[in-house]
file protein_17.cif (mmCIF, C-alpha atoms)
data_start
loop_
_atom_site.group_PDB
_atom_site.id
_atom_site.type_symbol
_atom_site.label_atom_id
_atom_site.label_comp_id
_atom_site.auth_asym_id
_atom_site.auth_seq_id
_atom_site.Cartn_x
_atom_site.Cartn_y
_atom_site.Cartn_z
ATOM 1 C CA MET M 1 -8.033 -44.861 3.440
ATOM 2 C CA PHE M 2 -7.095 -41.805 1.388
ATOM 3 C CA LEU M 3 -9.809 -42.701 -1.138
ATOM 4 C CA LEU M 4 -12.237 -42.636 1.787
ATOM 5 C CA ALA M 5 -10.928 -39.211 2.787
ATOM 6 C CA ILE M 6 -11.362 -37.810 -0.741
ATOM 7 C CA THR M 7 -14.935 -39.146 -0.893
ATOM 8 C CA LYS M 8 -15.786 -37.469 2.395
ATOM 9 C CA ARG M 9 -14.039 -34.280 1.280
ATOM 10 C CA ASN M 10 -16.138 -34.090 -1.896
ATOM 11 C CA ILE M 11 -19.354 -34.524 0.083
ATOM 12 C CA ALA M 12 -18.300 -31.853 2.558
ATOM 13 C CA LEU M 13 -17.075 -29.269 0.057
ATOM 14 C CA ARG M 14 -20.134 -29.703 -2.160
ATOM 15 C CA ASN M 15 -22.320 -28.547 0.720
ATOM 16 C CA VAL M 16 -19.973 -26.323 2.715
ATOM 17 C CA VAL M 17 -18.232 -24.041 0.208
ATOM 18 C CA SER M 18 -20.109 -21.497 -1.895
ATOM 19 C CA LEU M 19 -18.765 -18.868 -4.262
ATOM 20 C CA TYR M 20 -20.454 -15.532 -4.724
ATOM 21 C CA ALA M 21 -19.641 -11.983 -5.763
ATOM 22 C CA ARG M 22 -18.327 -9.417 -3.298
ATOM 23 C CA ASN M 23 -21.605 -7.485 -3.220
ATOM 24 C CA SER M 24 -23.875 -10.471 -2.570
ATOM 25 C CA PRO M 25 -25.899 -10.447 0.647
ATOM 26 C CA SER M 26 -24.724 -12.975 3.216
ATOM 27 C CA ALA M 27 -25.187 -13.901 6.826
ATOM 28 C CA ARG M 28 -21.709 -12.833 7.922
ATOM 29 C CA CYS M 29 -22.422 -13.606 11.562
ATOM 30 C CA ALA M 30 -22.935 -17.280 10.751
ATOM 31 C CA SER M 31 -20.256 -17.738 8.121
ATOM 32 C CA THR M 32 -16.616 -16.993 7.555
ATOM 33 C CA SER M 33 -15.302 -15.688 4.249
ATOM 34 C CA ALA M 34 -12.118 -14.806 2.424
ATOM 35 C CA TYR M 35 -11.490 -12.885 -0.759
ATOM 36 C CA LEU M 36 -9.692 -14.660 -3.596
ATOM 37 C CA LEU M 37 -8.803 -13.607 -7.100
ATOM 38 C CA ASN M 38 -11.483 -14.773 -9.510
ATOM 39 C CA LYS M 39 -10.031 -17.189 -12.076
ATOM 40 C CA LYS M 40 -11.622 -15.661 -15.174
ATOM 41 C CA SER M 41 -12.485 -12.048 -14.437
ATOM 42 C CA GLY M 42 -9.511 -11.138 -12.261
ATOM 43 C CA GLN M 43 -11.939 -9.476 -9.824
ATOM 44 C CA SER M 44 -12.268 -10.303 -6.157
ATOM 45 C CA SER M 45 -14.708 -13.037 -5.225
ATOM 46 C CA THR M 46 -15.575 -14.441 -1.837
ATOM 47 C CA ILE M 47 -15.407 -18.050 -0.710
ATOM 48 C CA THR M 48 -17.704 -18.594 2.247
ATOM 49 C CA ILE M 49 -17.291 -21.520 4.612
ATOM 50 C CA LYS M 50 -20.650 -22.011 6.283
ATOM 51 C CA SER M 51 -21.225 -22.826 9.909
ATOM 52 C CA PRO M 52 -22.443 -26.322 10.854
ATOM 53 C CA GLY M 53 -25.951 -24.981 11.403
ATOM 54 C CA GLU M 54 -26.136 -23.795 7.804
ATOM 55 C CA VAL M 55 -24.991 -27.072 6.267
ATOM 56 C CA LYS M 56 -27.439 -29.857 5.467
ATOM 57 C CA SER M 57 -26.740 -32.934 7.581
ATOM 58 C CA TYR M 58 -26.136 -36.278 5.903
ATOM 59 C CA PRO M 59 -26.393 -39.684 7.577
ATOM 60 C CA ALA M 60 -23.080 -41.350 8.358
ATOM 61 C CA THR M 61 -22.977 -43.986 5.608
ATOM 62 C CA ILE M 62 -19.167 -44.358 5.465
ATOM 63 C CA LYS M 63 -17.336 -46.059 8.294
ATOM 64 C CA VAL M 64 -14.158 -44.458 9.583
ATOM 65 C CA TYR M 65 -12.340 -47.780 9.746
ATOM 66 C CA THR M 66 -11.894 -50.031 6.702
ATOM 67 C CA ARG M 67 -9.361 -52.636 7.937
ATOM 68 C CA THR M 68 -7.725 -52.493 4.488
ATOM 69 C CA GLY M 69 -4.589 -50.914 5.907
ATOM 70 C CA ASP M 70 -3.973 -53.474 8.602
ATOM 71 C CA LYS M 71 -1.077 -55.001 6.640
ATOM 72 C CA GLY M 72 0.842 -51.762 6.196
ATOM 73 C CA THR M 73 -0.457 -50.597 2.826
ATOM 74 C CA SER M 74 -2.924 -47.927 1.758
ATOM 75 C CA SER M 75 -4.635 -46.871 -1.445
ATOM 76 C CA LEU M 76 -4.046 -43.889 -3.687
ATOM 77 C CA PHE M 77 -6.989 -42.157 -5.356
ATOM 78 C CA THR M 78 -6.225 -44.185 -8.488
ATOM 79 C CA GLY M 79 -6.690 -47.428 -6.580
ATOM 80 C CA GLU M 80 -2.996 -48.323 -6.548
ATOM 81 C CA ARG M 81 -1.858 -49.695 -3.207
ATOM 82 C CA ARG M 82 1.502 -48.736 -1.710
ATOM 83 C CA GLY M 83 3.285 -49.186 1.585
ATOM 84 C CA LYS M 84 2.394 -46.620 4.219
ATOM 85 C CA ASP M 85 6.029 -45.566 4.355
ATOM 86 C CA ASP M 86 5.935 -44.570 0.672
ATOM 87 C CA ALA M 87 6.928 -41.010 -0.275
ATOM 88 C CA VAL M 88 3.346 -40.258 -1.305
ATOM 89 C CA PHE M 89 1.966 -41.031 2.148
ATOM 90 C CA GLU M 90 4.804 -39.143 3.809
ATOM 91 C CA ALA M 91 3.716 -36.067 1.847
ATOM 92 C CA LEU M 92 0.024 -36.651 2.573
ATOM 93 C CA GLY M 93 0.666 -37.101 6.274
ATOM 94 C CA THR M 94 2.713 -33.922 6.450
ATOM 95 C CA THR M 95 0.068 -31.795 4.722
ATOM 96 C CA ASP M 96 -2.506 -33.285 7.097
ATOM 97 C CA GLU M 97 -0.273 -32.325 10.037
ATOM 98 C CA LEU M 98 -0.013 -28.826 8.587
ATOM 99 C CA SER M 99 -3.786 -28.455 8.293
ATOM 100 C CA SER M 100 -4.242 -29.717 11.853
ATOM 101 C CA THR M 101 -1.755 -27.141 13.128
ATOM 102 C CA LEU M 102 -3.617 -24.411 11.256
ATOM 103 C CA GLY M 103 -6.756 -25.544 13.059
ATOM 104 C CA LEU M 104 -4.971 -25.010 16.371
ATOM 105 C CA ALA M 105 -3.792 -21.567 15.247
ATOM 106 C CA ILE M 106 -7.365 -20.674 14.321
ATOM 107 C CA ALA M 107 -8.558 -21.718 17.781
ATOM 108 C CA HIS M 108 -6.003 -19.380 19.385
ATOM 109 C CA LEU M 109 -6.901 -16.515 17.041
ATOM 110 C CA GLN M 110 -10.599 -16.835 17.777
ATOM 111 C CA THR M 111 -10.016 -15.805 21.385
ATOM 112 C CA GLN M 112 -9.611 -12.262 20.050
ATOM 113 C CA GLN M 113 -12.613 -10.857 18.245
ATOM 114 C CA ASN M 114 -12.034 -8.146 15.679
ATOM 115 C CA GLU M 115 -12.618 -7.774 11.964
ATOM 116 C CA LYS M 116 -8.991 -8.106 10.863
ATOM 117 C CA VAL M 117 -8.364 -11.196 12.962
ATOM 118 C CA ASP M 118 -11.579 -12.696 11.604
ATOM 119 C CA GLN M 119 -10.270 -12.113 8.090
ATOM 120 C CA LEU M 120 -7.054 -13.978 8.888
ATOM 121 C CA VAL M 121 -9.083 -16.841 10.356
ATOM 122 C CA SER M 122 -11.125 -16.968 7.146
ATOM 123 C CA ARG M 123 -7.998 -17.131 5.035
ATOM 124 C CA LEU M 124 -6.542 -19.935 7.133
ATOM 125 C CA GLU M 125 -9.778 -21.899 6.746
ATOM 126 C CA ILE M 126 -9.586 -21.458 2.985
ATOM 127 C CA ILE M 127 -5.998 -22.704 3.070
ATOM 128 C CA GLN M 128 -7.119 -25.789 5.002
ATOM 129 C CA CYS M 129 -9.551 -26.557 2.173
ATOM 130 C CA LEU M 130 -6.860 -25.981 -0.448
ATOM 131 C CA LEU M 131 -4.537 -28.348 1.411
ATOM 132 C CA GLN M 132 -7.184 -31.027 0.930
ATOM 133 C CA ASP M 133 -6.940 -30.330 -2.800
ATOM 134 C CA VAL M 134 -3.148 -30.526 -2.571
ATOM 135 C CA GLY M 135 -3.571 -33.956 -0.997
ATOM 136 C CA SER M 136 -5.892 -35.079 -3.785
ATOM 137 C CA ASN M 137 -3.325 -34.028 -6.367
ATOM 138 C CA VAL M 138 -0.501 -35.814 -4.547
ATOM 139 C CA ALA M 139 -2.618 -38.971 -4.287
ATOM 140 C CA THR M 140 -3.220 -38.974 -8.053
ATOM 141 C CA LEU M 141 0.191 -39.315 -9.670
ATOM 142 C CA LEU M 142 0.524 -37.934 -13.199
ATOM 143 C CA LYS M 143 1.995 -41.210 -14.473
ATOM 144 C CA SER M 144 -1.152 -43.158 -13.534
ATOM 145 C CA ASN M 145 -3.449 -44.525 -16.236
ATOM 146 C CA SER M 146 -6.576 -42.794 -14.915
ATOM 147 C CA GLN M 147 -6.701 -39.610 -16.978
ATOM 148 C CA ALA M 148 -10.182 -38.814 -15.680
ATOM 149 C CA LYS M 149 -8.955 -38.773 -12.082
ATOM 150 C CA ILE M 150 -5.855 -36.787 -13.030
ATOM 151 C CA LYS M 151 -8.115 -34.166 -14.604
ATOM 152 C CA ARG M 152 -10.450 -34.223 -11.609
ATOM 153 C CA THR M 153 -7.636 -33.542 -9.139
ATOM 154 C CA ARG M 154 -5.756 -30.934 -11.235
ATOM 155 C CA PHE M 155 -4.541 -28.259 -8.841
ATOM 156 C CA ASP M 156 -4.494 -24.524 -9.519
ATOM 157 C CA ALA M 157 -3.983 -24.792 -13.284
ATOM 158 C CA ASP M 158 -3.915 -21.017 -13.779
ATOM 159 C CA GLY M 159 -1.983 -20.268 -10.588
ATOM 160 C CA HIS M 160 -4.675 -18.099 -8.982
ATOM 161 C CA HIS M 161 -4.350 -19.714 -5.535
ATOM 162 C CA CYS M 162 -0.622 -18.986 -5.455
ATOM 163 C CA LYS M 163 -1.332 -15.452 -6.660
ATOM 164 C CA SER M 164 -3.869 -15.004 -3.864
ATOM 165 C CA LEU M 165 -1.233 -15.907 -1.287
ATOM 166 C CA GLU M 166 1.099 -13.320 -2.784
ATOM 167 C CA LEU M 167 -1.640 -10.678 -2.688
ATOM 168 C CA TRP M 168 -2.346 -11.487 0.969
ATOM 169 C CA ILE M 169 1.363 -11.249 1.794
ATOM 170 C CA ASP M 170 1.626 -7.878 0.063
ATOM 171 C CA GLU M 171 -1.496 -6.662 1.853
ATOM 172 C CA MET M 172 -0.361 -7.672 5.354
ATOM 173 C CA SER M 173 3.352 -6.862 5.161
ATOM 174 C CA PRO M 174 3.209 -3.022 5.253
ATOM 175 C CA ASP M 175 1.559 -3.109 8.696
ATOM 176 C CA LEU M 176 4.383 -5.110 10.270
ATOM 177 C CA PRO M 177 7.265 -3.624 12.272
ATOM 178 C CA VAL M 178 10.441 -3.520 10.197
ATOM 179 C CA HIS M 179 12.796 -6.281 11.291
ATOM 180 C CA ARG M 180 16.548 -6.188 10.746
ATOM 181 C CA SER M 181 17.290 -9.185 12.948
ATOM 182 C CA PHE M 182 16.189 -12.802 12.818
ATOM 183 C CA ILE M 183 12.730 -13.258 14.330
ATOM 184 C CA LEU M 184 12.455 -16.091 16.833
ATOM 185 C CA PRO M 185 9.211 -18.095 16.895
ATOM 186 C CA SER M 186 7.299 -16.094 19.508
ATOM 187 C CA GLY M 187 4.572 -13.478 19.822
ATOM 188 C CA GLY M 188 1.899 -15.341 21.758
ATOM 189 C CA LEU M 189 -0.014 -18.586 21.304
ATOM 190 C CA ALA M 190 -1.526 -17.761 17.900
ATOM 191 C CA ALA M 191 1.696 -16.390 16.413
ATOM 192 C CA SER M 192 3.840 -19.214 17.807
ATOM 193 C CA THR M 193 1.413 -21.823 16.463
ATOM 194 C CA LEU M 194 1.580 -20.192 13.045
ATOM 195 C CA HIS M 195 5.374 -20.418 13.242
ATOM 196 C CA VAL M 196 5.018 -24.145 13.956
ATOM 197 C CA ALA M 197 2.727 -24.366 10.921
ATOM 198 C CA ARG M 198 5.359 -22.528 8.857
ATOM 199 C CA ALA M 199 8.027 -25.048 9.872
ATOM 200 C CA ILE M 200 5.714 -27.973 9.056
ATOM 201 C CA CYS M 201 4.935 -26.345 5.713
ATOM 202 C CA ARG M 202 8.650 -26.271 4.908
ATOM 203 C CA ARG M 203 8.823 -29.968 5.750
ATOM 204 C CA ALA M 204 5.769 -30.599 3.550
ATOM 205 C CA GLU M 205 7.626 -28.871 0.732
ATOM 206 C CA ARG M 206 10.626 -31.148 1.256
ATOM 207 C CA THR M 207 8.408 -34.239 1.148
ATOM 208 C CA LEU M 208 7.105 -33.128 -2.257
ATOM 209 C CA VAL M 209 10.582 -32.934 -3.812
ATOM 210 C CA PRO M 210 10.809 -36.727 -4.511
ATOM 211 C CA LEU M 211 7.391 -36.446 -6.209
ATOM 212 C CA ILE M 212 8.171 -33.303 -8.211
ATOM 213 C CA ASP M 213 7.750 -35.042 -11.595
ATOM 214 C CA ASP M 214 4.590 -36.883 -10.519
ATOM 215 C CA ILE M 215 2.460 -33.940 -9.314
ATOM 216 C CA ASP M 216 1.292 -30.664 -10.799
ATOM 217 C CA LYS M 217 3.997 -28.001 -10.612
ATOM 218 C CA GLU M 218 1.452 -25.575 -9.149
ATOM 219 C CA THR M 219 1.063 -27.858 -6.137
ATOM 220 C CA PHE M 220 4.722 -27.429 -5.251
ATOM 221 C CA MET M 221 4.577 -23.692 -5.949
ATOM 222 C CA PHE M 222 1.560 -23.274 -3.673
ATOM 223 C CA VAL M 223 3.177 -25.071 -0.738
ATOM 224 C CA ASN M 224 6.363 -23.066 -1.234
ATOM 225 C CA ARG M 225 4.468 -19.780 -1.224
ATOM 226 C CA LEU M 226 2.333 -20.892 1.709
ATOM 227 C CA SER M 227 5.311 -21.005 4.060
ATOM 228 C CA ASP M 228 6.047 -17.373 3.174
ATOM 229 C CA PHE M 229 2.450 -16.439 3.929
ATOM 230 C CA LEU M 230 2.534 -18.250 7.268
ATOM 231 C CA PHE M 231 5.660 -16.346 8.310
ATOM 232 C CA VAL M 232 3.921 -13.048 7.583
ATOM 233 C CA ALA M 233 0.700 -14.285 9.225
ATOM 234 C CA ALA M 234 2.605 -15.244 12.387
ATOM 235 C CA ARG M 235 4.194 -11.796 12.635
ATOM 236 C CA TRP M 236 0.843 -10.158 11.888
ATOM 237 C CA ALA M 237 -0.888 -12.185 14.620
ATOM 238 C CA ALA M 238 1.707 -11.045 17.170
ATOM 239 C CA MET M 239 1.181 -7.443 16.118
ATOM 240 C CA ALA M 240 -2.616 -7.779 16.229
ATOM 241 C CA GLN M 241 -2.436 -9.122 19.781
ATOM 242 C CA ARG M 242 0.110 -6.445 20.757
ATOM 243 C CA ILE M 243 2.736 -8.963 21.790
ATOM 244 C CA THR M 244 6.378 -8.110 21.132
ATOM 245 C CA GLU M 245 8.291 -10.652 19.055
ATOM 246 C CA LYS M 246 11.632 -11.920 20.279
ATOM 247 C CA ILE M 247 14.717 -11.553 18.110
ATOM 248 C CA TYR M 248 17.918 -13.525 17.834
ATOM 249 C CA VAL M 249 20.734 -12.331 20.068
ATOM 250 C CA HIS M 250 24.207 -13.818 19.700
ATOM 251 C CA GLN M 251 25.545 -15.751 22.697
ATOM 252 C CA GLN M 252 28.081 -12.990 23.245
ATOM 253 C CA GLY M 253 25.271 -10.492 23.584
ATOM 254 C CA ARG M 254 25.373 -8.696 20.247
ATOM 255 C CA VAL M 255 22.298 -8.343 18.022
ATOM 256 C CA THR M 256 22.808 -9.688 14.500
ATOM 257 C CA GLU M 257 21.384 -7.311 11.906
ATOM 258 C CA PHE M 258 20.888 -8.108 8.245
ATOM 259 C CA ASP M 259 22.468 -4.887 7.010
ATOM 260 C CA LYS M 260 25.782 -5.226 8.871
#
call {"tool": "encode", "arguments": {"input": "protein_17.cif", "output": "structure tokens"}}
result
Amino acid sequence: MFLLAITKRNIALRNVVSLYARNSPSARCASTSAYLLNKKSGQSSTITIKSPGEVKSYPATIKVYTRTGDKGTSSLFTGERRGKDDAVFEALGTTDELSSTLGLAIAHLQTQQNEKVDQLVSRLEIIQCLLQDVGSNVATLLKSNSQAKIKRTRFDADGHHCKSLELWIDEMSPDLPVHRSFILPSGGLAASTLHVARAICRRAERTLVPLIDDIDKETFMFVNRLSDFLFVAARWAAMAQRITEKIYVHQQGRVTEFDK
């Protein structure tokens, strides 16, 4: 089943994602975009995710169901079959859950139309695509005999995706209200959903620990940094929608501050 997902992903990304320089003309009204650090030049480039109307349609030649998993096993990208309760599939399922939650957060964000919110939506869509690549890497264990597939699914070899997350965090953080108390998951539907995504991301990170020697180290680093980004994104979404975040108050009524 995961092999089927990777095949579909390759078809989709080949026709959906395009890279072009910052100053290239584009139909911004029909597409969403996010700036990433260019791997080679170090300059900003834009990844554009096109709308369905801009993407060439392909006939549905791959069935959703395969029946191959009816006995409790599934296939890795290398062709190896393992039980569906294996650590690999636990990690894949959790990253899928994370991407699905990001989709819900995007839906909530899109109820508010402004340029900065649109930029956050674009970044979350890019992250959803990168999570697919994380899944491909997890499904292709480094100890497998298929060196061609290991090379094909290599994730973030030069660390530029992780660096992009750090740049986004540094860009968004100065706008946020200073917090000296613990922030409770709150701040409206979009912000609260991003907090859920953050918690799922932490769980995804924990599911990768048993696989730490079998996946690219950059995969683990990216997921670790992603939870930090989602915390900042959640706070930023609350601020953008002018909703006050709730803070932790001790049961005896006192506010716990970090600097006390």
call {"tool": "closest_residue", "arguments": {"input": "protein_17.cif", "among": "M:Asp228, M:Asp118, M:Asp86, M:Glu245", "to": "Ser173 (chain M)", "atoms": "only C-alpha atoms"}}
result
M:Asp228
call {"tool": "resolve_selection", "arguments": {"input": "protein_17.cif", "expression": "the PyMOL selection byres ((chain M and resi 111) around 12)", "output": "PyMOL selection string"}}
result
chain M and resi 104-110+112-114+117-118+121+188-190+237+241
call {"tool": "residues_near_point", "arguments": {"input": "protein_17.cif", "point": "(-7.0, -12.7, 5.5)", "cutoff": "12 Å", "atoms": "all atoms listed in the file", "output": "PDB file with C-alpha atoms, keeping the file's coordinate frame"}}
result
ATOM      1  CA  THR M  32     -16.616 -16.993   7.555  1.00  0.00           C
ATOM      2  CA  SER M  33     -15.302 -15.688   4.249  1.00  0.00           C
ATOM      3  CA  ALA M  34     -12.118 -14.806   2.424  1.00  0.00           C
ATOM      4  CA  TYR M  35     -11.490 -12.885  -0.759  1.00  0.00           C
ATOM      5  CA  LEU M  36      -9.692 -14.660  -3.596  1.00  0.00           C
ATOM      6  CA  THR M  46     -15.575 -14.441  -1.837  1.00  0.00           C
ATOM      7  CA  ILE M  47     -15.407 -18.050  -0.710  1.00  0.00           C
ATOM      8  CA  ILE M 106      -7.365 -20.674  14.321  1.00  0.00           C
ATOM      9  CA  GLU M 115     -12.618  -7.774  11.964  1.00  0.00           C
ATOM     10  CA  LYS M 116      -8.991  -8.106  10.863  1.00  0.00           C
ATOM     11  CA  VAL M 117      -8.364 -11.196  12.962  1.00  0.00           C
ATOM     12  CA  ASP M 118     -11.579 -12.696  11.604  1.00  0.00           C
ATOM     13  CA  GLN M 119     -10.270 -12.113   8.090  1.00  0.00           C
ATOM     14  CA  LEU M 120      -7.054 -13.978   8.888  1.00  0.00           C
ATOM     15  CA  VAL M 121      -9.083 -16.841  10.356  1.00  0.00           C
ATOM     16  CA  SER M 122     -11.125 -16.968   7.146  1.00  0.00           C
ATOM     17  CA  ARG M 123      -7.998 -17.131   5.035  1.00  0.00           C
ATOM     18  CA  LEU M 124      -6.542 -19.935   7.133  1.00  0.00           C
ATOM     19  CA  GLU M 125      -9.778 -21.899   6.746  1.00  0.00           C
ATOM     20  CA  ILE M 126      -9.586 -21.458   2.985  1.00  0.00           C
ATOM     21  CA  ILE M 127      -5.998 -22.704   3.070  1.00  0.00           C
ATOM     22  CA  SER M 164      -3.869 -15.004  -3.864  1.00  0.00           C
ATOM     23  CA  LEU M 165      -1.233 -15.907  -1.287  1.00  0.00           C
ATOM     24  CA  GLU M 166       1.099 -13.320  -2.784  1.00  0.00           C
ATOM     25  CA  LEU M 167      -1.640 -10.678  -2.688  1.00  0.00           C
ATOM     26  CA  TRP M 168      -2.346 -11.487   0.969  1.00  0.00           C
ATOM     27  CA  ILE M 169       1.363 -11.249   1.794  1.00  0.00           C
ATOM     28  CA  ASP M 170       1.626  -7.878   0.063  1.00  0.00           C
ATOM     29  CA  GLU M 171      -1.496  -6.662   1.853  1.00  0.00           C
ATOM     30  CA  MET M 172      -0.361  -7.672   5.354  1.00  0.00           C
ATOM     31  CA  SER M 173       3.352  -6.862   5.161  1.00  0.00           C
ATOM     32  CA  PHE M 229       2.450 -16.439   3.929  1.00  0.00           C
ATOM     33  CA  LEU M 230       2.534 -18.250   7.268  1.00  0.00           C
ATOM     34  CA  VAL M 232       3.921 -13.048   7.583  1.00  0.00           C
ATOM     35  CA  ALA M 233       0.700 -14.285   9.225  1.00  0.00           C
ATOM     36  CA  TRP M 236       0.843 -10.158  11.888  1.00  0.00           C
ATOM     37  CA  ALA M 237      -0.888 -12.185  14.620  1.00  0.00           C
TER      38      ALA M 237
END
call {"tool": "atom_distance", "arguments": {"input": "protein_17.cif", "atom1": "CA of Ser146 (chain M)", "atom2": "CA of Thr78 (chain M)"}}
result
6.6 Å
call {"tool": "atom_distance", "arguments": {"input": "protein_17.cif", "atom1": "CA of Thr244 (chain M)", "atom2": "CA of Asp175 (chain M)"}}
result
14.2 Å
call {"tool": "resolve_selection", "arguments": {"input": "protein_17.cif", "expression": "the PyMOL selection byres ((chain M and resi 180-186) around 9)", "output": "PyMOL selection string"}}
result
chain M and resi 178-179+187-189+191-196+234-235+238+243-249+255-259
call {"tool": "closest_residue", "arguments": {"input": "protein_17.cif", "among": "M:Arg82, M:Lys217, M:Arg198, M:Lys63", "to": "Gly159 (chain M)", "atoms": "only C-alpha atoms"}}
result
M:Lys217
call {"tool": "atom_distance", "arguments": {"input": "protein_17.cif", "atom1": "CA of Ala139 (chain M)", "atom2": "CA of Met221 (chain M)"}}
result
17.0 Å
call {"tool": "resolve_selection", "arguments": {"input": "protein_17.cif", "expression": "the PyMOL selection byres ((chain M and resi 143) around 9)", "output": "VMD selection string"}}
result
chain M and resid 140 to 142 144 to 146 213 to 215
call {"tool": "axis_aligned_box", "arguments": {"input": "protein_17.cif", "around": "region 244-249 of chain M", "padding_each_side": "6 Å", "output": "lines of an AutoDock Vina configuration file"}}
result
center_x = 13.6
center_y = -10.8
center_z = 19.5
size_x = 26.4
size_y = 17.4
size_z = 15.3
call {"tool": "residues_around", "arguments": {"input": "protein_17.cif", "residues": "region 71-74 of chain M", "least_positions_apart": "2", "cutoff": "9 Å", "atoms": "all atoms listed in the file", "output": "ChimeraX atom specification"}}
result
/M:1-2,67-69,76,80-85,89
call {"tool": "closest_residue", "arguments": {"input": "protein_17.cif", "among": "M:Cys201, M:Cys162, M:Gly79, M:Ile62", "to": "Thr101 (chain M)", "atoms": "only C-alpha atoms"}}
result
M:Cys201
